[in-house]
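Participant: Quick one: structure below, then a few questions.
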Amino acid sequence: MSAVIVEKSEVRKAKSNGFISKFGALIGLIILCTVLTILSDNFLTVDNVMNIARQSSINALLAIGMLLPILTAGIDLSVGSILALSIMMMGIVSVNHGLNPYLGIVVCLGVGALLGWTNGIMLTKLKLPHPFISTLGTMNIARGIALIITGAAPIAGFAAPIQFAGNEFVGPVPFSFILVIVVYILFDIFLNRTSTGRYIYAIGGNKETARLSGINVNKILVIVYTLSGLMAGLAGLVMVGRVNSAFPLAGMGYELDAIAAVIIGGASFFGGVGTVWGTLIGATIIAVLRNGLNLLNVSADFQMAIIGLVIVAAVYVDVLRQRSFKK
């Protein structure tokens with residue numbers, strides 16, 4: 001009889017953990033929005049909601065790229081620097097040399113993808129022990145090159161096609177937010193309805209088992225980091241559209257917000273766990289939190305501390321979840 005009671009208790013616990021894993025981030029976002037609506041009359045207005053959507057776009061694009069390495073139990077510390085070098089190369093091509101702006105866009109995305117591919121190649125071909133090493137190296141190399149090739153000077157005056165993604169609206173809705181939704185739909189299809197997407201989850205679950213089952217782990221990892229770099233380039237394109245300027249120190253610390261969005265959204269540092277839409281919710285939570293704290297006139301120093309506490313809490317929840325699964 002006692003065994004039956006224990007079994008039922010374990011089933012209820014498993015269902016509870018599954019519910020929290022699936023809907024925890026969304027519930028957190030709803031609670032956060034409710035509290036901020038009570039505390040500030042300006043929070044739940046159309047203008048402010050659209051402002052949040054616009055502000056979250058850059059981090060949302062970086063975060064969806066970051067999700068892939070984290071799903072494989074890896075990480076990409078270089079996305080902020082890749083963003084910077086991508087937009088500086090776009091500026092050199094399209095502004096300094098006056099070439100076609102569409103070529104500049106291709107260069108921006110291409111440089112991002114190339115640097116991501118380089119991360120993957122260093123990790124797999126050089127057999128570095130962890131992507132922390134390869135992406136940390138790329139973070140410093142890309143930032144240094146961005147400063148060297150521009151003399152640490154910003155580039156401004158981009159053509160309308162380059163500004164479009166970050167500057168235009170469809171009615172009251174920022175085009176950058178529509179772009180984010182389209183990208184997330186594509187990534188949802190990629191991760192859930194293609195063999196490569198399933199392999200990514202399998203590698204995160206157990207890399208050696210994935211290799212023994214016939215998955216080309218190195219090839220998948222190169223794809224993962226290439227896509228992460230591509231998303232950094234796309235985020236840079238949106239950023240340039242917002243400010244009509246590219247500067248070599250752009251994206252400093254952005255990798256931390258991207259990692260935070262992925263973890264807050266329910267992904268696990270241990271790999272194999274995480275969803276596309278959870279990541280979007282995580283990026284939205286960070287944007288809502290920053291926006292709400294600004295409306296409440298909370299200083300930037302306190303904002304950093306509060307967001308840091310949220311990140312620690314999210315990681316702790318992940319640790320508790322992993323312990324529960326092991327039991």
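As shown in the structure tokens, the chain order sets the letters A, B, ...; within each chain, residues go from 1, and ligands are also counted from 1 in the order they appear.
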So that each row is one residue of region 184-297 of chain A with an atom at most 10 Å from region 23-33 of chain A, can you give its shortest atom pair and the distance in Å to one decimal, using only C-alpha atoms, rows by chain and rising number, as a Markdown table?
Facilitator:
```
| residue | atom | partner | partner_atom | distance |
| --- | --- | --- | --- | --- |
| A:Ile263 | CA | A:Ala25 | CA | 9.7 |
| A:Ile264 | CA | A:Ala25 | CA | 6.6 |
| A:Gly265 | CA | A:Ala25 | CA | 5.5 |
| A:Gly266 | CA | A:Ala25 | CA | 6.7 |
| A:Trp277 | CA | A:Leu26 | CA | 9.6 |
| A:Gly278 | CA | A:Ala25 | CA | 6.8 |
| A:Thr279 | CA | A:Ala25 | CA | 9.0 |
| A:Leu280 | CA | A:Ala25 | CA | 9.8 |
| A:Ile281 | CA | A:Leu26 | CA | 6.5 |
| A:Gly282 | CA | A:Ala25 | CA | 6.8 |
| A:Thr284 | CA | A:Leu29 | CA | 7.8 |
| A:Ile285 | CA | A:Leu29 | CA | 5.7 |
| A:Ile286 | CA | A:Leu29 | CA | 9.4 |
| A:Val288 | CA | A:Cys33 | CA | 7.4 |
| A:Leu289 | CA | A:Leu32 | CA | 7.6 |
| A:Gly292 | CA | A:Cys33 | CA | 8.6 |
```
Participant: Check the DSSP output for the backbone and give back, as an MDAnalysis selection string, the residues of region 55-148 of chain A in alpha helix (DSSP H).
Facilitator: chainID A and resid 55:71 79:91 101:125 131:148
Participant: Taking only C-alpha atoms into account, produce a table as a tab-separated table in which each residue of region 232-274 of chain A with an atom at most 8 Å from an atom of region 52-68 of chain A appears once, together with its shortest atom pair and the distance in Å to one decimal, ordered by chain and rising number.
Facilitator:
```
residue	atom	partner	partner_atom	distance
A:Ala232	CA	A:Leu62	CA	5.5
A:Leu234	CA	A:Leu61	CA	7.3
A:Ala235	CA	A:Ile58	CA	5.0
A:Gly236	CA	A:Ile58	CA	7.5
A:Val238	CA	A:Ile58	CA	6.6
A:Met239	CA	A:Ile58	CA	6.7
A:Tyr254	CA	A:Asn59	CA	7.3
A:Glu255	CA	A:Leu62	CA	7.6
A:Asp257	CA	A:Asn59	CA	6.8
A:Ala258	CA	A:Ala63	CA	4.3
A:Ile259	CA	A:Met66	CA	6.6
A:Ala261	CA	A:Ala63	CA	6.2
A:Val262	CA	A:Leu67	CA	5.9
A:Ala267	CA	A:Leu67	CA	7.7
A:Gly274	CA	A:Leu67	CA	7.4
```
Participant: I need the residues from that last selection saved to file as a compact mmCIF listing (two decimals), in the first residue's frame (with all heavy atoms), if you can.
Facilitator:
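Heads up, here's the output in part-v3.txt:
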```txt
# COMPACT_ATOMS: atom_id res chain seq x y z
N ALA A 232 23.61 36.64 -34.67
CA ALA A 232 24.31 37.82 -34.16
C ALA A 232 24.41 38.88 -35.25
O ALA A 232 24.22 40.08 -35.00
CB ALA A 232 25.69 37.44 -33.64
N LEU A 234 22.31 39.22 -37.78
CA LEU A 234 20.97 39.74 -38.00
C LEU A 234 20.59 40.72 -36.89
O LEU A 234 19.97 41.76 -37.16
CB LEU A 234 19.97 38.58 -38.06
CG LEU A 234 18.51 38.96 -38.35
CD1 LEU A 234 18.39 39.67 -39.69
CD2 LEU A 234 17.63 37.71 -38.34
N ALA A 235 20.95 40.41 -35.65
CA ALA A 235 20.69 41.33 -34.53
C ALA A 235 21.43 42.65 -34.76
O ALA A 235 20.91 43.72 -34.45
CB ALA A 235 21.13 40.69 -33.21
N GLY A 236 22.65 42.56 -35.29
CA GLY A 236 23.39 43.78 -35.60
C GLY A 236 22.71 44.62 -36.66
O GLY A 236 22.68 45.85 -36.56
N VAL A 238 19.51 44.84 -37.18
CA VAL A 238 18.40 45.50 -36.51
C VAL A 238 18.90 46.67 -35.67
O VAL A 238 18.30 47.75 -35.66
CB VAL A 238 17.62 44.50 -35.64
CG1 VAL A 238 16.59 45.21 -34.76
CG2 VAL A 238 16.93 43.46 -36.51
N MET A 239 20.02 46.47 -34.99
CA MET A 239 20.58 47.55 -34.16
C MET A 239 20.95 48.77 -35.00
O MET A 239 20.63 49.92 -34.64
CB MET A 239 21.81 47.06 -33.41
CG MET A 239 22.55 48.17 -32.66
SD MET A 239 24.07 47.61 -31.89
CE MET A 239 23.40 46.84 -30.44
N TYR A 254 26.23 41.90 -24.43
CA TYR A 254 24.96 41.39 -24.94
C TYR A 254 24.85 39.87 -24.82
O TYR A 254 23.76 39.32 -24.72
CB TYR A 254 24.78 41.79 -26.41
CG TYR A 254 24.30 43.21 -26.60
CD1 TYR A 254 24.52 44.19 -25.65
CD2 TYR A 254 23.63 43.58 -27.77
CE1 TYR A 254 24.09 45.49 -25.84
CE2 TYR A 254 23.19 44.88 -27.97
CZ TYR A 254 23.43 45.84 -27.00
OH TYR A 254 22.99 47.12 -27.20
N GLU A 255 26.01 39.20 -24.84
CA GLU A 255 25.98 37.74 -24.70
C GLU A 255 25.39 37.32 -23.36
O GLU A 255 24.74 36.27 -23.25
CB GLU A 255 27.38 37.15 -24.87
CG GLU A 255 28.42 37.61 -23.87
CD GLU A 255 29.05 38.95 -24.21
OE1 GLU A 255 28.78 39.48 -25.31
OE2 GLU A 255 29.80 39.45 -23.37
N ASP A 257 22.95 38.92 -21.63
CA ASP A 257 21.49 39.02 -21.72
C ASP A 257 20.91 37.88 -22.54
O ASP A 257 19.84 37.36 -22.24
CB ASP A 257 21.08 40.37 -22.35
CG ASP A 257 20.99 41.48 -21.32
OD1 ASP A 257 21.27 41.21 -20.14
OD2 ASP A 257 20.64 42.62 -21.68
N ALA A 258 21.63 37.48 -23.60
CA ALA A 258 21.15 36.39 -24.43
C ALA A 258 21.14 35.07 -23.65
O ALA A 258 20.18 34.30 -23.70
CB ALA A 258 22.02 36.24 -25.68
N ILE A 259 22.22 34.82 -22.91
CA ILE A 259 22.27 33.61 -22.08
C ILE A 259 21.16 33.65 -21.04
O ILE A 259 20.48 32.65 -20.79
CB ILE A 259 23.65 33.49 -21.40
CG1 ILE A 259 24.75 33.26 -22.45
CG2 ILE A 259 23.66 32.37 -20.37
CD1 ILE A 259 26.16 33.41 -21.91
N ALA A 261 18.28 35.17 -21.17
CA ALA A 261 16.98 34.95 -21.80
C ALA A 261 16.73 33.46 -22.02
O ALA A 261 15.62 32.95 -21.77
CB ALA A 261 16.90 35.70 -23.13
N VAL A 262 17.75 32.74 -22.47
CA VAL A 262 17.61 31.31 -22.74
C VAL A 262 17.34 30.54 -21.45
O VAL A 262 16.45 29.68 -21.39
CB VAL A 262 18.87 30.75 -23.44
CG1 VAL A 262 18.78 29.25 -23.61
CG2 VAL A 262 19.04 31.42 -24.81
N ALA A 267 15.52 26.78 -20.56
CA ALA A 267 16.57 25.89 -21.07
C ALA A 267 17.51 25.51 -19.93
O ALA A 267 17.55 26.16 -18.89
CB ALA A 267 17.34 26.57 -22.19
N GLY A 274 15.10 22.81 -23.58
CA GLY A 274 14.88 24.21 -23.96
C GLY A 274 13.96 24.29 -25.16
O GLY A 274 13.91 23.36 -25.97
```
Participant: Looking at A:Asn206, A:Leu186, A:Asn192, A:Gly116, which one is nearest to Leu230 (chain A), with distances taken over only C-alpha atoms?
Facilitator: A:Gly116
Participant: I'd like to know which of A:Val298, A:Val222, A:Leu85, A:Ala283 is closest to Ala142 (chain A), using only C-alpha atoms.
Facilitator: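 Under the stated criterion, the closest residue is A:Leu85.
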Participant: Please list as a list of chain:residue names every residue within 8 Å of Leu237 (chain A), counting only C-alpha atoms and excluding residues in the same chain fewer than 2 positions away.
Facilitator: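 Residues meeting the cut-off are A:Ile87, A:Ile105, A:Cys108, A:Ile162, A:Gln163, A:Ala165, A:Gly166, A:Gly233, A:Leu234, A:Ala235, A:Met239, A:Val240, A:Gly241.
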Participant: Can you write just those residues out, all heavy atoms, as a PDB file, in the first residue's frame?
Facilitator:
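Wrote it out as out_25.pdb, contents follow:
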```pdb
ATOM      1  N   ILE A  87      28.587  44.495 -38.165  1.00  0.00           N
ATOM      2  CA  ILE A  87      28.040  45.801 -38.566  1.00  0.00           C
ATOM      3  C   ILE A  87      29.148  46.753 -39.011  1.00  0.00           C
ATOM      4  O   ILE A  87      28.916  47.615 -39.867  1.00  0.00           O
ATOM      5  CB  ILE A  87      27.184  46.429 -37.441  1.00  0.00           C
ATOM      6  CG1 ILE A  87      28.018  46.699 -36.179  1.00  0.00           C
ATOM      7  CG2 ILE A  87      25.995  45.546 -37.118  1.00  0.00           C
ATOM      8  CD1 ILE A  87      27.234  47.399 -35.075  1.00  0.00           C
ATOM      9  N   ILE A 105      24.209  44.305 -46.488  1.00  0.00           N
ATOM     10  CA  ILE A 105      23.411  43.401 -45.651  1.00  0.00           C
ATOM     11  C   ILE A 105      23.940  41.978 -45.756  1.00  0.00           C
ATOM     12  O   ILE A 105      24.076  41.271 -44.753  1.00  0.00           O
ATOM     13  CB  ILE A 105      21.922  43.460 -46.060  1.00  0.00           C
ATOM     14  CG1 ILE A 105      21.339  44.836 -45.724  1.00  0.00           C
ATOM     15  CG2 ILE A 105      21.124  42.354 -45.368  1.00  0.00           C
ATOM     16  CD1 ILE A 105      19.933  45.056 -46.251  1.00  0.00           C
ATOM     17  N   CYS A 108      27.081  41.715 -43.756  1.00  0.00           N
ATOM     18  CA  CYS A 108      26.784  41.683 -42.322  1.00  0.00           C
ATOM     19  C   CYS A 108      26.396  40.276 -41.880  1.00  0.00           C
ATOM     20  O   CYS A 108      26.954  39.728 -40.916  1.00  0.00           O
ATOM     21  CB  CYS A 108      25.663  42.669 -42.004  1.00  0.00           C
ATOM     22  SG  CYS A 108      25.212  42.752 -40.261  1.00  0.00           S
ATOM     23  N   ILE A 162      19.128  49.295 -45.336  1.00  0.00           N
ATOM     24  CA  ILE A 162      19.809  48.775 -44.156  1.00  0.00           C
ATOM     25  C   ILE A 162      19.062  49.179 -42.885  1.00  0.00           C
ATOM     26  O   ILE A 162      18.981  48.412 -41.919  1.00  0.00           O
ATOM     27  CB  ILE A 162      21.272  49.260 -44.122  1.00  0.00           C
ATOM     28  CG1 ILE A 162      22.060  48.597 -45.256  1.00  0.00           C
ATOM     29  CG2 ILE A 162      21.921  48.977 -42.764  1.00  0.00           C
ATOM     30  CD1 ILE A 162      23.490  49.073 -45.390  1.00  0.00           C
ATOM     31  N   GLN A 163      18.476  50.370 -42.896  1.00  0.00           N
ATOM     32  CA  GLN A 163      17.752  50.848 -41.724  1.00  0.00           C
ATOM     33  C   GLN A 163      16.372  50.206 -41.572  1.00  0.00           C
ATOM     34  O   GLN A 163      15.784  50.252 -40.487  1.00  0.00           O
ATOM     35  CB  GLN A 163      17.574  52.364 -41.796  1.00  0.00           C
ATOM     36  CG  GLN A 163      18.865  53.165 -41.724  1.00  0.00           C
ATOM     37  CD  GLN A 163      18.586  54.648 -41.629  1.00  0.00           C
ATOM     38  OE1 GLN A 163      17.860  55.104 -40.762  1.00  0.00           O
ATOM     39  NE2 GLN A 163      19.152  55.411 -42.560  1.00  0.00           N
ATOM     40  N   ALA A 165      14.962  47.169 -41.284  1.00  0.00           N
ATOM     41  CA  ALA A 165      14.626  46.123 -40.307  1.00  0.00           C
ATOM     42  C   ALA A 165      14.478  46.670 -38.895  1.00  0.00           C
ATOM     43  O   ALA A 165      13.635  46.203 -38.124  1.00  0.00           O
ATOM     44  CB  ALA A 165      15.682  45.021 -40.331  1.00  0.00           C
ATOM     45  N   GLY A 166      15.278  47.665 -38.548  1.00  0.00           N
ATOM     46  CA  GLY A 166      15.236  48.177 -37.184  1.00  0.00           C
ATOM     47  C   GLY A 166      14.460  49.453 -37.003  1.00  0.00           C
ATOM     48  O   GLY A 166      14.216  49.874 -35.858  1.00  0.00           O
ATOM     49  N   GLY A 233      24.698  38.442 -36.480  1.00  0.00           N
ATOM     50  CA  GLY A 233      24.738  39.382 -37.593  1.00  0.00           C
ATOM     51  C   GLY A 233      23.383  40.017 -37.857  1.00  0.00           C
ATOM     52  O   GLY A 233      23.283  41.225 -38.106  1.00  0.00           O
ATOM     53  N   LEU A 234      22.313  39.217 -37.783  1.00  0.00           N
ATOM     54  CA  LEU A 234      20.971  39.743 -37.999  1.00  0.00           C
ATOM     55  C   LEU A 234      20.587  40.718 -36.890  1.00  0.00           C
ATOM     56  O   LEU A 234      19.966  41.761 -37.159  1.00  0.00           O
ATOM     57  CB  LEU A 234      19.973  38.579 -38.055  1.00  0.00           C
ATOM     58  CG  LEU A 234      18.509  38.957 -38.352  1.00  0.00           C
ATOM     59  CD1 LEU A 234      18.390  39.672 -39.691  1.00  0.00           C
ATOM     60  CD2 LEU A 234      17.628  37.711 -38.345  1.00  0.00           C
ATOM     61  N   ALA A 235      20.952  40.407 -35.646  1.00  0.00           N
ATOM     62  CA  ALA A 235      20.695  41.325 -34.533  1.00  0.00           C
ATOM     63  C   ALA A 235      21.429  42.647 -34.757  1.00  0.00           C
ATOM     64  O   ALA A 235      20.907  43.724 -34.453  1.00  0.00           O
ATOM     65  CB  ALA A 235      21.130  40.686 -33.214  1.00  0.00           C
ATOM     66  N   MET A 239      20.020  46.473 -34.989  1.00  0.00           N
ATOM     67  CA  MET A 239      20.577  47.551 -34.161  1.00  0.00           C
ATOM     68  C   MET A 239      20.951  48.773 -35.002  1.00  0.00           C
ATOM     69  O   MET A 239      20.632  49.919 -34.640  1.00  0.00           O
ATOM     70  CB  MET A 239      21.813  47.058 -33.408  1.00  0.00           C
ATOM     71  CG  MET A 239      22.548  48.168 -32.659  1.00  0.00           C
ATOM     72  SD  MET A 239      24.073  47.615 -31.895  1.00  0.00           S
ATOM     73  CE  MET A 239      23.395  46.844 -30.437  1.00  0.00           C
ATOM     74  N   VAL A 240      21.608  48.539 -36.126  1.00  0.00           N
ATOM     75  CA  VAL A 240      21.995  49.644 -37.001  1.00  0.00           C
ATOM     76  C   VAL A 240      20.756  50.384 -37.503  1.00  0.00           C
ATOM     77  O   VAL A 240      20.744  51.619 -37.600  1.00  0.00           O
ATOM     78  CB  VAL A 240      22.838  49.128 -38.186  1.00  0.00           C
ATOM     79  CG1 VAL A 240      23.012  50.208 -39.248  1.00  0.00           C
ATOM     80  CG2 VAL A 240      24.203  48.663 -37.691  1.00  0.00           C
ATOM     81  N   GLY A 241      19.699  49.643 -37.803  1.00  0.00           N
ATOM     82  CA  GLY A 241      18.467  50.275 -38.245  1.00  0.00           C
ATOM     83  C   GLY A 241      17.867  51.183 -37.190  1.00  0.00           C
ATOM     84  O   GLY A 241      17.277  52.227 -37.508  1.00  0.00           O
TER      85      GLY A 241
END
```
Participant: Please indicate the distance in Å from CA of Ala159 (chain A) to CA of Leu147 (chain A), rounded to one decimal place.
Facilitator: 22.5 Å
Participant: Which residues come within 9 Å of region 197-203 of chain A, counting only C-alpha atoms, excluding same-chain residues fewer than 4 positions away, as a PyMOL selection string?
Facilitator: chain A and resi 68-69+71-73+187+189-193+207-211+215-217+220-221+224+271-274
Participant: Excluding Trp117 (chain A) and any residue of its chain fewer than 5 positions from it, enumerate the residues within 8 Å of it, using only C-alpha atoms, and give them as number ranges by chain.
Facilitator: A: 222-223, 225-226, 229
Participant: Go ahead and save the picked residues with N, CA, C and O atoms, as a PDB file, in the first residue's frame.
Facilitator:
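Written file, again_6.pdb:
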```pdb
ATOM      1  N   VAL A 222      29.074  22.351 -35.771  1.00  0.00           N
ATOM      2  CA  VAL A 222      29.450  23.439 -36.687  1.00  0.00           C
ATOM      3  C   VAL A 222      28.206  24.183 -37.157  1.00  0.00           C
ATOM      4  O   VAL A 222      28.186  25.430 -37.214  1.00  0.00           O
ATOM      5  N   ILE A 223      27.144  23.450 -37.475  1.00  0.00           N
ATOM      6  CA  ILE A 223      25.879  24.080 -37.873  1.00  0.00           C
ATOM      7  C   ILE A 223      25.338  24.945 -36.747  1.00  0.00           C
ATOM      8  O   ILE A 223      24.886  26.085 -36.962  1.00  0.00           O
ATOM      9  N   TYR A 225      26.894  26.498 -34.215  1.00  0.00           N
ATOM     10  CA  TYR A 225      27.621  27.744 -33.981  1.00  0.00           C
ATOM     11  C   TYR A 225      27.565  28.683 -35.181  1.00  0.00           C
ATOM     12  O   TYR A 225      27.617  29.912 -35.020  1.00  0.00           O
ATOM     13  N   THR A 226      27.419  28.128 -36.377  1.00  0.00           N
ATOM     14  CA  THR A 226      27.232  28.973 -37.563  1.00  0.00           C
ATOM     15  C   THR A 226      25.908  29.733 -37.469  1.00  0.00           C
ATOM     16  O   THR A 226      25.849  30.944 -37.748  1.00  0.00           O
ATOM     17  N   GLY A 229      26.153  32.552 -34.938  1.00  0.00           N
ATOM     18  CA  GLY A 229      26.816  33.714 -35.513  1.00  0.00           C
ATOM     19  C   GLY A 229      25.933  34.461 -36.493  1.00  0.00           C
ATOM     20  O   GLY A 229      25.920  35.700 -36.534  1.00  0.00           O
TER      21      GLY A 229
END
```
Participant: In terms of the shortest atom-to-atom distance over only C-alpha atoms, which of A:Leu295, A:Leu309, A:Ile145, A:Met139 is closest to Ile82 (chain A)?
Facilitator: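 Among the listed residues, A:Met139 lies closest to Ile82 (chain A).
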Participant: Using only C-alpha atoms, which of A:Ser94, A:Thr118, A:Asn167, A:Thr196 sits nearest Val243 (chain A)?
Facilitator: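 Smallest separation from Val243 (chain A) among the options: A:Asn167.
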Participant: Tell me, in Å to one decimal, how far CA of Ser268 (chain A) is from CA of Asp318 (chain A).
Facilitator: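 So the two atoms, CA of Ser268 (chain A) and CA of Asp318 (chain A), lie 6.0 Å apart.
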Participant: Skipping near chain neighbours, those fewer than 6 positions away, what residues fall within 10 Å of Leu136 (chain A) using only C-alpha atoms, listed as a PDB file with N, CA and C atoms, in the first residue's frame?
Facilitator:
```pdb
ATOM      1  N   ILE A  75      28.059  26.819 -25.071  1.00  0.00           N
ATOM      2  CA  ILE A  75      27.790  28.240 -24.846  1.00  0.00           C
ATOM      3  C   ILE A  75      28.500  29.031 -25.936  1.00  0.00           C
ATOM      4  N   ASP A  76      28.030  30.241 -26.203  1.00  0.00           N
ATOM      5  CA  ASP A  76      28.678  31.108 -27.192  1.00  0.00           C
ATOM      6  C   ASP A  76      28.876  32.490 -26.579  1.00  0.00           C
ATOM      7  N   LEU A  77      30.091  32.760 -26.138  1.00  0.00           N
ATOM      8  CA  LEU A  77      30.415  34.040 -25.505  1.00  0.00           C
ATOM      9  C   LEU A  77      30.756  35.129 -26.517  1.00  0.00           C
ATOM     10  N   SER A  78      30.783  34.797 -27.788  1.00  0.00           N
ATOM     11  CA  SER A  78      31.297  35.722 -28.791  1.00  0.00           C
ATOM     12  C   SER A  78      30.224  36.522 -29.517  1.00  0.00           C
ATOM     13  N   VAL A  79      28.928  36.296 -29.219  1.00  0.00           N
ATOM     14  CA  VAL A  79      27.875  36.888 -30.061  1.00  0.00           C
ATOM     15  C   VAL A  79      27.894  38.411 -30.057  1.00  0.00           C
ATOM     16  N   SER A  81      30.542  40.402 -29.745  1.00  0.00           N
ATOM     17  CA  SER A  81      31.660  40.839 -30.587  1.00  0.00           C
ATOM     18  C   SER A  81      31.409  40.525 -32.060  1.00  0.00           C
ATOM     19  N   ASN A 119      33.945  29.401 -34.949  1.00  0.00           N
ATOM     20  CA  ASN A 119      33.785  28.858 -33.595  1.00  0.00           C
ATOM     21  C   ASN A 119      33.581  27.347 -33.631  1.00  0.00           C
TER      22      ASN A 119
END
```
